[in-house]
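Visitor: Data file my_file_11.txt (compact mmCIF, C-alpha atoms) is appended below.
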```txt
# COMPACT_ATOMS: atom_id res chain seq x y z
CA MET A 1 -242.77 60.48 -4.62
CA ASN A 2 -245.69 62.83 -4.09
CA ARG A 3 -246.84 64.74 -1.06
CA PHE A 4 -250.21 63.80 0.47
CA SER A 5 -251.72 66.02 3.18
CA VAL A 6 -253.71 64.31 5.90
CA ARG A 7 -256.04 66.28 8.18
CA LEU A 8 -256.12 65.18 11.82
CA PHE A 9 -258.78 65.80 14.42
CA ALA A 10 -259.36 65.56 18.17
CA ARG A 11 -257.30 62.77 19.79
CA TYR A 12 -255.39 62.04 16.59
CA ALA A 13 -254.30 65.68 16.29
CA GLU A 14 -252.95 65.33 19.84
CA LEU A 15 -251.12 62.07 19.04
CA PHE A 16 -249.21 63.72 16.19
CA ALA A 17 -249.11 67.19 17.85
CA THR A 18 -250.47 68.77 14.65
CA ASP A 19 -253.77 69.04 12.76
CA GLN A 20 -252.18 68.29 9.38
CA LEU A 21 -249.42 65.87 8.36
CA ASP A 22 -247.67 65.61 5.00
CA VAL A 23 -246.82 62.09 3.87
CA GLU A 24 -244.51 61.28 0.94
CA LEU A 25 -245.79 58.35 -1.16
CA PRO A 26 -245.70 57.32 -4.82
CA ALA A 27 -248.92 58.52 -6.51
CA PRO A 28 -251.50 57.22 -7.00
CA THR A 29 -251.61 55.14 -3.84
CA THR A 30 -254.22 53.73 -1.48
CA VAL A 31 -255.65 54.70 1.88
CA GLY A 32 -254.08 51.52 3.30
CA ALA A 33 -250.57 52.57 2.20
CA MET A 34 -251.12 56.05 3.63
CA ILE A 35 -252.20 54.53 6.99
CA SER A 36 -249.05 52.37 7.07
CA ALA A 37 -246.94 55.49 6.51
CA LEU A 38 -248.77 57.31 9.34
CA ARG A 39 -248.22 54.41 11.76
CA ALA A 40 -244.46 54.73 11.15
CA ARG A 41 -244.46 58.43 12.15
CA PRO A 42 -243.77 59.62 15.72
CA GLY A 43 -247.05 59.16 17.63
CA GLY A 44 -248.44 56.82 14.98
CA SER A 45 -247.91 53.64 16.96
CA ALA A 46 -250.71 54.75 19.32
CA LEU A 47 -253.31 54.70 16.51
CA PRO A 48 -255.98 51.99 16.96
CA THR A 49 -256.03 48.87 14.76
CA THR A 50 -259.15 49.99 12.91
CA LEU A 51 -259.11 53.48 11.45
CA LEU A 52 -261.81 55.60 9.88
CA VAL A 53 -260.59 57.63 6.91
CA ALA A 54 -262.51 60.16 4.80
CA VAL A 55 -261.49 61.04 1.24
CA ASN A 56 -263.13 64.19 -0.16
CA LEU A 57 -265.61 64.20 2.76
CA ARG A 58 -266.74 60.60 2.18
CA GLN A 59 -265.86 57.52 4.19
CA ALA A 60 -263.16 55.48 2.44
CA THR A 61 -261.78 51.95 2.73
CA GLU A 62 -258.15 50.79 2.79
CA GLN A 63 -258.52 49.99 -0.94
CA THR A 64 -259.64 53.53 -1.89
CA VAL A 65 -257.17 55.04 -4.39
CA ILE A 66 -255.93 58.53 -3.50
CA THR A 67 -254.04 61.25 -5.34
CA PRO A 68 -252.28 64.32 -3.89
CA ALA A 69 -255.28 66.46 -4.90
CA ASP A 70 -257.65 64.55 -2.59
CA GLU A 71 -258.69 65.86 0.82
CA ILE A 72 -257.77 63.06 3.22
CA ALA A 73 -258.84 63.05 6.86
CA LEU A 74 -258.22 60.63 9.73
CA LEU A 75 -261.32 60.47 11.92
CA PRO A 76 -261.33 59.33 15.58
CA PRO A 77 -264.43 57.47 16.83
CA MET A 78 -267.35 59.86 16.54
CA ALA A 79 -268.81 61.26 19.74
CA GLY A 80 -271.54 63.69 18.81
CA GLY A 81 -274.97 63.94 20.41
CA MET Q 1 -280.59 76.09 4.24
CA THR Q 2 -279.89 76.36 7.97
CA SER Q 3 -276.57 74.80 8.90
CA PHE Q 4 -276.41 71.72 11.12
CA LEU Q 5 -273.54 72.95 13.28
CA SER Q 6 -274.01 75.95 15.52
CA GLY Q 7 -271.43 77.88 17.51
CA GLN Q 8 -274.21 79.66 19.41
CA THR Q 9 -276.73 78.54 22.05
CA ILE Q 10 -279.43 76.46 20.34
CA ASP Q 11 -283.06 77.41 21.00
CA PRO Q 12 -285.09 74.16 20.80
CA GLN Q 13 -288.32 76.05 20.08
CA ALA Q 14 -286.73 77.77 17.09
CA VAL Q 15 -285.69 74.37 15.69
CA ALA Q 16 -289.19 72.96 16.33
CA ALA Q 17 -290.70 75.95 14.50
CA ARG Q 18 -289.01 74.75 11.29
CA VAL Q 19 -291.21 71.62 11.15
CA GLY Q 20 -294.97 71.01 11.38
CA GLY Q 21 -297.90 72.04 9.26
CA ALA Q 22 -301.68 71.92 9.08
CA ASP Q 23 -301.63 68.25 8.02
CA HIS Q 24 -299.09 67.22 10.69
CA GLY Q 25 -300.70 66.15 13.96
CA ALA Q 26 -297.44 65.24 15.74
CA VAL Q 27 -294.25 67.12 16.55
CA VAL Q 28 -291.50 65.21 18.42
CA LEU Q 29 -288.67 67.31 19.86
CA PHE Q 30 -285.48 65.71 21.22
CA VAL Q 31 -283.18 67.97 23.23
CA GLY Q 32 -279.83 66.49 24.27
CA THR Q 33 -278.08 68.36 27.09
CA VAL Q 34 -274.70 68.13 28.82
CA ARG Q 35 -274.83 65.73 31.81
CA ASP Q 36 -272.96 66.40 35.05
CA ARG Q 37 -271.31 62.98 35.07
CA HIS Q 38 -269.85 60.34 32.78
CA ASN Q 39 -268.74 56.86 33.87
CA GLY Q 40 -269.02 58.01 37.49
CA ARG Q 41 -266.78 61.08 37.03
CA ALA Q 42 -268.13 64.54 37.80
CA VAL Q 43 -268.22 66.60 34.58
CA ARG Q 44 -267.89 70.38 34.57
CA GLY Q 45 -268.41 70.84 30.84
CA LEU Q 46 -267.19 69.77 27.43
CA THR Q 47 -266.00 71.04 24.08
CA TYR Q 48 -267.36 69.74 20.78
CA SER Q 49 -265.22 69.96 17.67
CA ALA Q 50 -266.12 68.78 14.18
CA TYR Q 51 -264.80 68.16 10.69
CA GLU Q 52 -267.23 70.83 9.63
CA PRO Q 53 -267.74 70.35 5.86
CA MET Q 54 -268.10 66.58 6.27
CA ALA Q 55 -270.40 66.98 9.29
CA GLU Q 56 -272.74 69.22 7.26
CA LEU Q 57 -272.70 66.77 4.33
CA VAL Q 58 -273.31 63.66 6.45
CA ALA Q 59 -276.06 65.37 8.47
CA ALA Q 60 -277.83 66.40 5.24
CA HIS Q 61 -277.62 62.79 3.99
CA ILE Q 62 -279.05 61.50 7.28
CA VAL Q 63 -281.97 63.96 7.09
CA ARG Q 64 -282.67 62.91 3.49
CA ASP Q 65 -282.50 59.22 4.53
CA ALA Q 66 -285.02 59.86 7.33
CA CYS Q 67 -287.39 61.72 5.00
CA SER Q 68 -287.27 58.84 2.52
CA GLN Q 69 -288.13 56.32 5.26
CA TRP Q 70 -290.90 58.31 6.95
CA PRO Q 71 -293.33 60.95 5.60
CA ALA Q 72 -291.90 63.58 7.94
CA LEU Q 73 -290.39 67.05 8.16
CA VAL Q 74 -287.05 67.21 9.98
CA ALA Q 75 -284.86 69.95 11.52
CA VAL Q 76 -281.58 69.23 13.31
CA GLU Q 77 -278.87 71.33 14.99
CA HIS Q 78 -275.72 70.37 16.89
CA ARG Q 79 -273.47 72.61 18.97
CA VAL Q 80 -269.75 73.05 18.53
CA GLY Q 81 -267.47 74.87 20.97
CA ALA Q 82 -267.38 74.99 24.76
CA LEU Q 83 -270.53 73.94 26.66
CA ALA Q 84 -271.37 73.86 30.38
CA VAL Q 85 -273.48 71.30 32.25
CA GLY Q 86 -277.13 71.73 31.23
CA ASP Q 87 -276.36 73.42 27.90
CA VAL Q 88 -278.18 72.15 24.83
CA ALA Q 89 -275.88 69.93 22.73
CA ILE Q 90 -278.27 68.65 20.04
CA VAL Q 91 -281.86 69.29 18.96
CA VAL Q 92 -283.82 67.03 16.62
CA ALA Q 93 -287.36 68.09 15.64
CA VAL Q 94 -289.61 65.84 13.57
CA SER Q 95 -293.19 66.36 12.49
CA ALA Q 96 -295.49 63.88 10.78
CA GLU Q 97 -299.16 63.25 10.24
CA HIS Q 98 -299.24 60.81 13.18
CA ARG Q 99 -297.02 60.23 16.23
CA GLY Q 100 -295.70 56.78 15.24
CA ALA Q 101 -293.65 58.08 12.32
CA ALA Q 102 -292.51 61.15 14.26
CA PHE Q 103 -291.23 59.12 17.25
CA ALA Q 104 -289.57 56.49 15.04
CA ALA Q 105 -287.86 59.03 12.78
CA CYS Q 106 -286.63 61.11 15.73
CA GLU Q 107 -285.03 58.13 17.49
CA TRP Q 108 -283.44 56.93 14.23
CA LEU Q 109 -282.07 60.42 13.53
CA VAL Q 110 -280.46 60.80 16.97
CA ASP Q 111 -278.81 57.36 16.67
CA ALA Q 112 -277.59 58.05 13.11
CA ILE Q 113 -276.15 61.45 14.01
CA LYS Q 114 -274.26 60.04 17.00
CA ALA Q 115 -272.84 57.17 14.93
CA ARG Q 116 -272.04 58.83 11.61
CA VAL Q 117 -271.38 62.58 11.93
CA PRO Q 118 -267.70 63.50 12.50
CA ILE Q 119 -268.02 65.34 15.81
CA TRP Q 120 -265.75 64.82 18.83
CA LYS Q 121 -266.24 65.59 22.50
CA ARG Q 122 -263.57 66.54 25.04
CA GLU Q 123 -264.90 66.46 28.60
CA ARG Q 124 -263.67 68.66 31.44
CA TYR Q 125 -263.87 67.00 34.85
CA ALA Q 126 -264.34 68.44 38.31
CA ASP Q 127 -260.83 67.26 39.27
CA GLY Q 128 -259.33 69.49 36.55
CA GLN Q 129 -258.48 66.69 34.11
CA GLU Q 130 -259.78 66.47 30.54
CA ALA Q 131 -260.29 63.55 28.13
CA TRP Q 132 -261.59 62.79 24.65
CA VAL Q 133 -264.72 60.65 24.85
CA ASP Q 134 -264.56 57.42 22.86
CA PRO Q 135 -268.01 55.79 22.65
CA THR Q 136 -266.41 52.67 21.16
CA SER Q 137 -264.54 51.91 24.41
CA PHE Q 138 -266.09 51.13 27.79
CA SER Q 139 -264.49 54.11 29.52
CA ALA Q 140 -263.08 57.49 28.56
CA GLU Q 141 -259.63 57.67 27.04
CA THR Q 142 -256.68 58.07 29.38
CA PRO Q 143 -256.85 61.66 30.64
CA ALA Q 144 -254.41 63.94 28.87
```
Starting from the coordinates I provided, produce the structure as structure tokens.
Guide:
Amino acid sequence: MNRFSVRLFARYAELFATDQLDVELPAPTTVGAMISALRARPGGSALPTTLLVAVNLRQATEQTVITPADEIALLPPMAGG
Amino acid sequence: MTSFLSGQTIDPQAVAARVGGADHGAVVLFVGTVRDRHNGRAVRGLTYSAYEPMAELVAAHIVRDACSQWPALVAVEHRVGALAVGDVAIVVAVSAEHRGAAFAACEWLVDAIKARVPIWKRERYADGQEAWVDPTSFSAETPA
């Protein structure tokens, strides 16, 4: 198992009561597997069905392969402007 | 390069001064400000937060996209931090040879920034409650 750090923002940081969560998963893995692990954490059941994830500052899909060195971020619906 | 996010009050004229030129006959300036209500609730102010490195990267991509679609010069700034009603939240300045390209590029830029840049807004209401704004739902999230 390897440790993946996930950055959390805005409403999602409130759901998990932290701005960064560590998730243990076999590496390499996918964004989809990481999301499933997050949903199982306390607060994770309140996450919406569709999630926006960034890997190394770029939007990813559930199939995107991730390693522990990647910067992973869970992004709530954007509300700028 | 000037950064997209600003923790200080944005001066629209200073942003507009970064575009234009002798061969540009049109400058379009969009200034977005904090409204005093949202979905019928009285708003006292709001706080913008951002995933800053990604916001800068995405904003730079959006500006490059706009400049490849229209022969225009573009300058954009967006506030982060606590704002009061009437404060400037976003400024988009576009100059082009003629007004058609400048208007079109400016509207496209504002829409793209709102949809694609990782920025979040927490509103403070007159009744003392606060809530994250979710533009993908019909009303604000349940107040925290």
Visitor: Any idea which chain Q residues end up within 9 Å of chain A if we count all atoms listed in the file, as a ChimeraX atom specification please?
Guide: /Q:32-33,48-51,53-55,57-58,78-79,89-91,110-111,113-122,131-136
Visitor: Can you spit out the residues from that selection as an mmCIF file, in the coordinates of the input, using C-alpha atoms?
Guide:
```cif
data_model
loop_
_atom_site.group_PDB
_atom_site.id
_atom_site.type_symbol
_atom_site.label_atom_id
_atom_site.label_comp_id
_atom_site.auth_asym_id
_atom_site.auth_seq_id
_atom_site.Cartn_x
_atom_site.Cartn_y
_atom_site.Cartn_z
ATOM 1 C CA GLY Q 32 -279.830 66.490 24.270
ATOM 2 C CA THR Q 33 -278.080 68.360 27.090
ATOM 3 C CA TYR Q 48 -267.360 69.740 20.780
ATOM 4 C CA SER Q 49 -265.220 69.960 17.670
ATOM 5 C CA ALA Q 50 -266.120 68.780 14.180
ATOM 6 C CA TYR Q 51 -264.800 68.160 10.690
ATOM 7 C CA PRO Q 53 -267.740 70.350 5.860
ATOM 8 C CA MET Q 54 -268.100 66.580 6.270
ATOM 9 C CA ALA Q 55 -270.400 66.980 9.290
ATOM 10 C CA LEU Q 57 -272.700 66.770 4.330
ATOM 11 C CA VAL Q 58 -273.310 63.660 6.450
ATOM 12 C CA HIS Q 78 -275.720 70.370 16.890
ATOM 13 C CA ARG Q 79 -273.470 72.610 18.970
ATOM 14 C CA ALA Q 89 -275.880 69.930 22.730
ATOM 15 C CA ILE Q 90 -278.270 68.650 20.040
ATOM 16 C CA VAL Q 91 -281.860 69.290 18.960
ATOM 17 C CA VAL Q 110 -280.460 60.800 16.970
ATOM 18 C CA ASP Q 111 -278.810 57.360 16.670
ATOM 19 C CA ILE Q 113 -276.150 61.450 14.010
ATOM 20 C CA LYS Q 114 -274.260 60.040 17.000
ATOM 21 C CA ALA Q 115 -272.840 57.170 14.930
ATOM 22 C CA ARG Q 116 -272.040 58.830 11.610
ATOM 23 C CA VAL Q 117 -271.380 62.580 11.930
ATOM 24 C CA PRO Q 118 -267.700 63.500 12.500
ATOM 25 C CA ILE Q 119 -268.020 65.340 15.810
ATOM 26 C CA TRP Q 120 -265.750 64.820 18.830
ATOM 27 C CA LYS Q 121 -266.240 65.590 22.500
ATOM 28 C CA ARG Q 122 -263.570 66.540 25.040
ATOM 29 C CA ALA Q 131 -260.290 63.550 28.130
ATOM 30 C CA TRP Q 132 -261.590 62.790 24.650
ATOM 31 C CA VAL Q 133 -264.720 60.650 24.850
ATOM 32 C CA ASP Q 134 -264.560 57.420 22.860
ATOM 33 C CA PRO Q 135 -268.010 55.790 22.650
ATOM 34 C CA THR Q 136 -266.410 52.670 21.160
#
```
Visitor: Could you work out how far atom CA of Gln8 of chain Q lies from atom CA of Val92 of chain Q, giving the answer in Å with one decimal?
Guide: 16.1 Å
Visitor: Hey, what's within 10 Å of segment 27-29 of chain A if we count all atoms listed in the file and toss same-chain stuff fewer than 4 positions away? As a ChimeraX atom specification, please?
Guide: /A:1-4,33-34,63-68
Visitor: If you keep C-alpha atoms, can you produce a file of those selected residues as a PDB file, keeping the file's coordinate frame?
Guide:
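So the final result, stored in selection_8.pdb, reads:
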```
ATOM      1  CA  MET A   1    -242.770  60.480  -4.620  1.00  0.00           C
ATOM      2  CA  ASN A   2    -245.690  62.830  -4.090  1.00  0.00           C
ATOM      3  CA  ARG A   3    -246.840  64.740  -1.060  1.00  0.00           C
ATOM      4  CA  PHE A   4    -250.210  63.800   0.470  1.00  0.00           C
ATOM      5  CA  ALA A  33    -250.570  52.570   2.200  1.00  0.00           C
ATOM      6  CA  MET A  34    -251.120  56.050   3.630  1.00  0.00           C
ATOM      7  CA  GLN A  63    -258.520  49.990  -0.940  1.00  0.00           C
ATOM      8  CA  THR A  64    -259.640  53.530  -1.890  1.00  0.00           C
ATOM      9  CA  VAL A  65    -257.170  55.040  -4.390  1.00  0.00           C
ATOM     10  CA  ILE A  66    -255.930  58.530  -3.500  1.00  0.00           C
ATOM     11  CA  THR A  67    -254.040  61.250  -5.340  1.00  0.00           C
ATOM     12  CA  PRO A  68    -252.280  64.320  -3.890  1.00  0.00           C
TER      13      PRO A  68
END
```
Visitor: Just give me the gap between atom CA of Arg35 of chain Q and atom CA of Ala13 of chain A in Å, one decimal is fine.
Guide: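 Distance reported for this atom pair: 25.7 Å.
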Visitor: With all atoms listed in the file as the atoms that count, which of A:Asp22, A:Pro48, A:Ala17, A:Gly43 lies nearest to Glu71 of chain A?
Guide: A:Asp22
Visitor: With distances taken over all atoms listed in the file, which of Q:Ala82, Q:Ala104, Q:Ala126, Q:Val76 is nearest to Val43 of chain Q?
Guide: Q:Ala126
Visitor: For Ser36 of chain A, work out the shell of residues within 12 Å, counting only C-alpha atoms and skipping chain neighbours fewer than 4 positions away, then give it as a PDB file with C-alpha atoms, in the coordinates of the input.
Guide:
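Contents of the output file around22.pdb:
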```
ATOM      1  CA  VAL A  23    -246.820  62.090   3.870  1.00  0.00           C
ATOM      2  CA  GLU A  24    -244.510  61.280   0.940  1.00  0.00           C
ATOM      3  CA  LEU A  25    -245.790  58.350  -1.160  1.00  0.00           C
ATOM      4  CA  THR A  29    -251.610  55.140  -3.840  1.00  0.00           C
ATOM      5  CA  THR A  30    -254.220  53.730  -1.480  1.00  0.00           C
ATOM      6  CA  VAL A  31    -255.650  54.700   1.880  1.00  0.00           C
ATOM      7  CA  GLY A  32    -254.080  51.520   3.300  1.00  0.00           C
ATOM      8  CA  ALA A  40    -244.460  54.730  11.150  1.00  0.00           C
ATOM      9  CA  ARG A  41    -244.460  58.430  12.150  1.00  0.00           C
ATOM     10  CA  GLY A  44    -248.440  56.820  14.980  1.00  0.00           C
ATOM     11  CA  SER A  45    -247.910  53.640  16.960  1.00  0.00           C
ATOM     12  CA  LEU A  47    -253.310  54.700  16.510  1.00  0.00           C
ATOM     13  CA  THR A  49    -256.030  48.870  14.760  1.00  0.00           C
ATOM     14  CA  THR A  50    -259.150  49.990  12.910  1.00  0.00           C
ATOM     15  CA  LEU A  51    -259.110  53.480  11.450  1.00  0.00           C
ATOM     16  CA  GLU A  62    -258.150  50.790   2.790  1.00  0.00           C
TER      17      GLU A  62
END
```
Visitor: Counting all atoms listed in the file, figure out which residue out of Q:Ala75, Q:Leu5, Q:Ile62, Q:Val31 gets nearest to Val19 of chain Q.
Guide: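 Distance minimum relative to Val19 of chain Q lands on Q:Ala75.
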Visitor: Which distance in Å separates atom CA of Ala42 of chain Q and atom CA of Phe30 of chain Q, to one decimal?
Guide: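 That distance, rounded to one decimal, is 24.0 Å.
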Visitor: Mind checking which residues fall within 7 Å of Arg124 of chain Q, counting all atoms listed in the file, ignoring those fewer than 3 positions away in the same chain, and posting them as a ChimeraX atom specification?
Guide: /Q:43-46,128-131
Visitor: If we count all atoms listed in the file and set the cut-off at 6 Å, which residues sit around Val6 of chain A, ignoring sequence neighbours fewer than 6 positions away in its own chain? Please answer as a PyMOL selection string.
Guide: chain A and resi 20-21+72-73
Visitor: Save segment 16-81 of chain A of the structure in the block above to a file, with C-alpha atoms included, as a PDB file, in the first residue's frame.
Guide:
```
ATOM      1  CA  PHE A  16     -13.808  16.169   5.751  1.00  0.00           C
ATOM      2  CA  ALA A  17     -12.862  18.849   8.335  1.00  0.00           C
ATOM      3  CA  THR A  18      -9.373  19.109   6.803  1.00  0.00           C
ATOM      4  CA  ASP A  19      -7.696  20.569   3.706  1.00  0.00           C
ATOM      5  CA  GLN A  20      -5.606  17.457   3.060  1.00  0.00           C
ATOM      6  CA  LEU A  21      -6.415  13.751   3.400  1.00  0.00           C
ATOM      7  CA  ASP A  22      -4.024  10.809   3.135  1.00  0.00           C
ATOM      8  CA  VAL A  23      -5.427   7.715   1.435  1.00  0.00           C
ATOM      9  CA  GLU A  24      -3.730   4.290   1.481  1.00  0.00           C
ATOM     10  CA  LEU A  25      -3.981   2.502  -1.883  1.00  0.00           C
ATOM     11  CA  PRO A  26      -1.834   0.105  -3.913  1.00  0.00           C
ATOM     12  CA  ALA A  27       0.281   2.131  -6.375  1.00  0.00           C
ATOM     13  CA  PRO A  28      -0.141   2.901  -9.179  1.00  0.00           C
ATOM     14  CA  THR A  29      -3.895   3.324  -9.007  1.00  0.00           C
ATOM     15  CA  THR A  30      -6.570   5.432 -10.676  1.00  0.00           C
ATOM     16  CA  VAL A  31      -8.513   8.556  -9.794  1.00  0.00           C
ATOM     17  CA  GLY A  32     -11.658   6.396  -9.700  1.00  0.00           C
ATOM     18  CA  ALA A  33     -10.200   4.089  -7.024  1.00  0.00           C
ATOM     19  CA  MET A  34      -9.056   7.104  -5.008  1.00  0.00           C
ATOM     20  CA  ILE A  35     -12.588   8.589  -5.173  1.00  0.00           C
ATOM     21  CA  SER A  36     -14.080   5.305  -3.943  1.00  0.00           C
ATOM     22  CA  ALA A  37     -11.680   5.362  -0.984  1.00  0.00           C
ATOM     23  CA  LEU A  38     -12.662   8.971  -0.190  1.00  0.00           C
ATOM     24  CA  ARG A  39     -16.382   8.142  -0.274  1.00  0.00           C
ATOM     25  CA  ALA A  40     -15.768   5.498   2.413  1.00  0.00           C
ATOM     26  CA  ARG A  41     -14.163   8.051   4.771  1.00  0.00           C
ATOM     27  CA  PRO A  42     -16.149   9.970   7.421  1.00  0.00           C
ATOM     28  CA  GLY A  43     -17.870  12.843   5.564  1.00  0.00           C
ATOM     29  CA  GLY A  44     -17.308  11.196   2.190  1.00  0.00           C
ATOM     30  CA  SER A  45     -20.881   9.999   1.756  1.00  0.00           C
ATOM     31  CA  ALA A  46     -21.939  13.651   1.263  1.00  0.00           C
ATOM     32  CA  LEU A  47     -19.776  14.010  -1.874  1.00  0.00           C
ATOM     33  CA  PRO A  48     -21.819  14.509  -5.072  1.00  0.00           C
ATOM     34  CA  THR A  49     -22.131  11.736  -7.675  1.00  0.00           C
ATOM     35  CA  THR A  50     -19.951  13.575 -10.181  1.00  0.00           C
ATOM     36  CA  LEU A  51     -16.589  14.805  -8.942  1.00  0.00           C
ATOM     37  CA  LEU A  52     -13.988  17.060 -10.493  1.00  0.00           C
ATOM     38  CA  VAL A  53     -10.425  15.948  -9.791  1.00  0.00           C
ATOM     39  CA  ALA A  54      -7.156  17.643 -10.771  1.00  0.00           C
ATOM     40  CA  VAL A  55      -3.878  15.745 -11.069  1.00  0.00           C
ATOM     41  CA  ASN A  56      -0.757  17.937 -11.225  1.00  0.00           C
ATOM     42  CA  LEU A  57      -2.958  21.017 -11.813  1.00  0.00           C
ATOM     43  CA  ARG A  58      -4.804  19.478 -14.776  1.00  0.00           C
ATOM     44  CA  GLN A  59      -8.331  18.124 -14.890  1.00  0.00           C
ATOM     45  CA  ALA A  60      -8.331  14.320 -14.706  1.00  0.00           C
ATOM     46  CA  THR A  61     -10.844  11.546 -15.415  1.00  0.00           C
ATOM     47  CA  GLU A  62     -11.681   8.482 -13.315  1.00  0.00           C
ATOM     48  CA  GLN A  63      -9.324   6.488 -15.579  1.00  0.00           C
ATOM     49  CA  THR A  64      -6.311   8.770 -14.964  1.00  0.00           C
ATOM     50  CA  VAL A  65      -3.462   6.752 -13.405  1.00  0.00           C
ATOM     51  CA  ILE A  66      -1.923   8.303 -10.287  1.00  0.00           C
ATOM     52  CA  THR A  67       1.205   7.674  -8.245  1.00  0.00           C
ATOM     53  CA  PRO A  68       2.034   8.913  -4.712  1.00  0.00           C
ATOM     54  CA  ALA A  69       4.227  11.648  -6.244  1.00  0.00           C
ATOM     55  CA  ASP A  70       1.255  13.278  -8.016  1.00  0.00           C
ATOM     56  CA  GLU A  71      -0.506  16.359  -6.652  1.00  0.00           C
ATOM     57  CA  ILE A  72      -4.153  15.322  -6.426  1.00  0.00           C
ATOM     58  CA  ALA A  73      -6.945  17.785  -5.679  1.00  0.00           C
ATOM     59  CA  LEU A  74     -10.703  17.385  -5.272  1.00  0.00           C
ATOM     60  CA  LEU A  75     -12.441  20.446  -6.721  1.00  0.00           C
ATOM     61  CA  PRO A  76     -15.980  21.566  -5.772  1.00  0.00           C
ATOM     62  CA  PRO A  77     -18.088  23.207  -8.508  1.00  0.00           C
ATOM     63  CA  MET A  78     -16.288  26.381  -9.537  1.00  0.00           C
ATOM     64  CA  ALA A  79     -17.837  29.690  -8.527  1.00  0.00           C
ATOM     65  CA  GLY A  80     -15.522  32.450  -9.666  1.00  0.00           C
ATOM     66  CA  GLY A  81     -16.539  35.671 -11.397  1.00  0.00           C
TER      67      GLY A  81
END
```
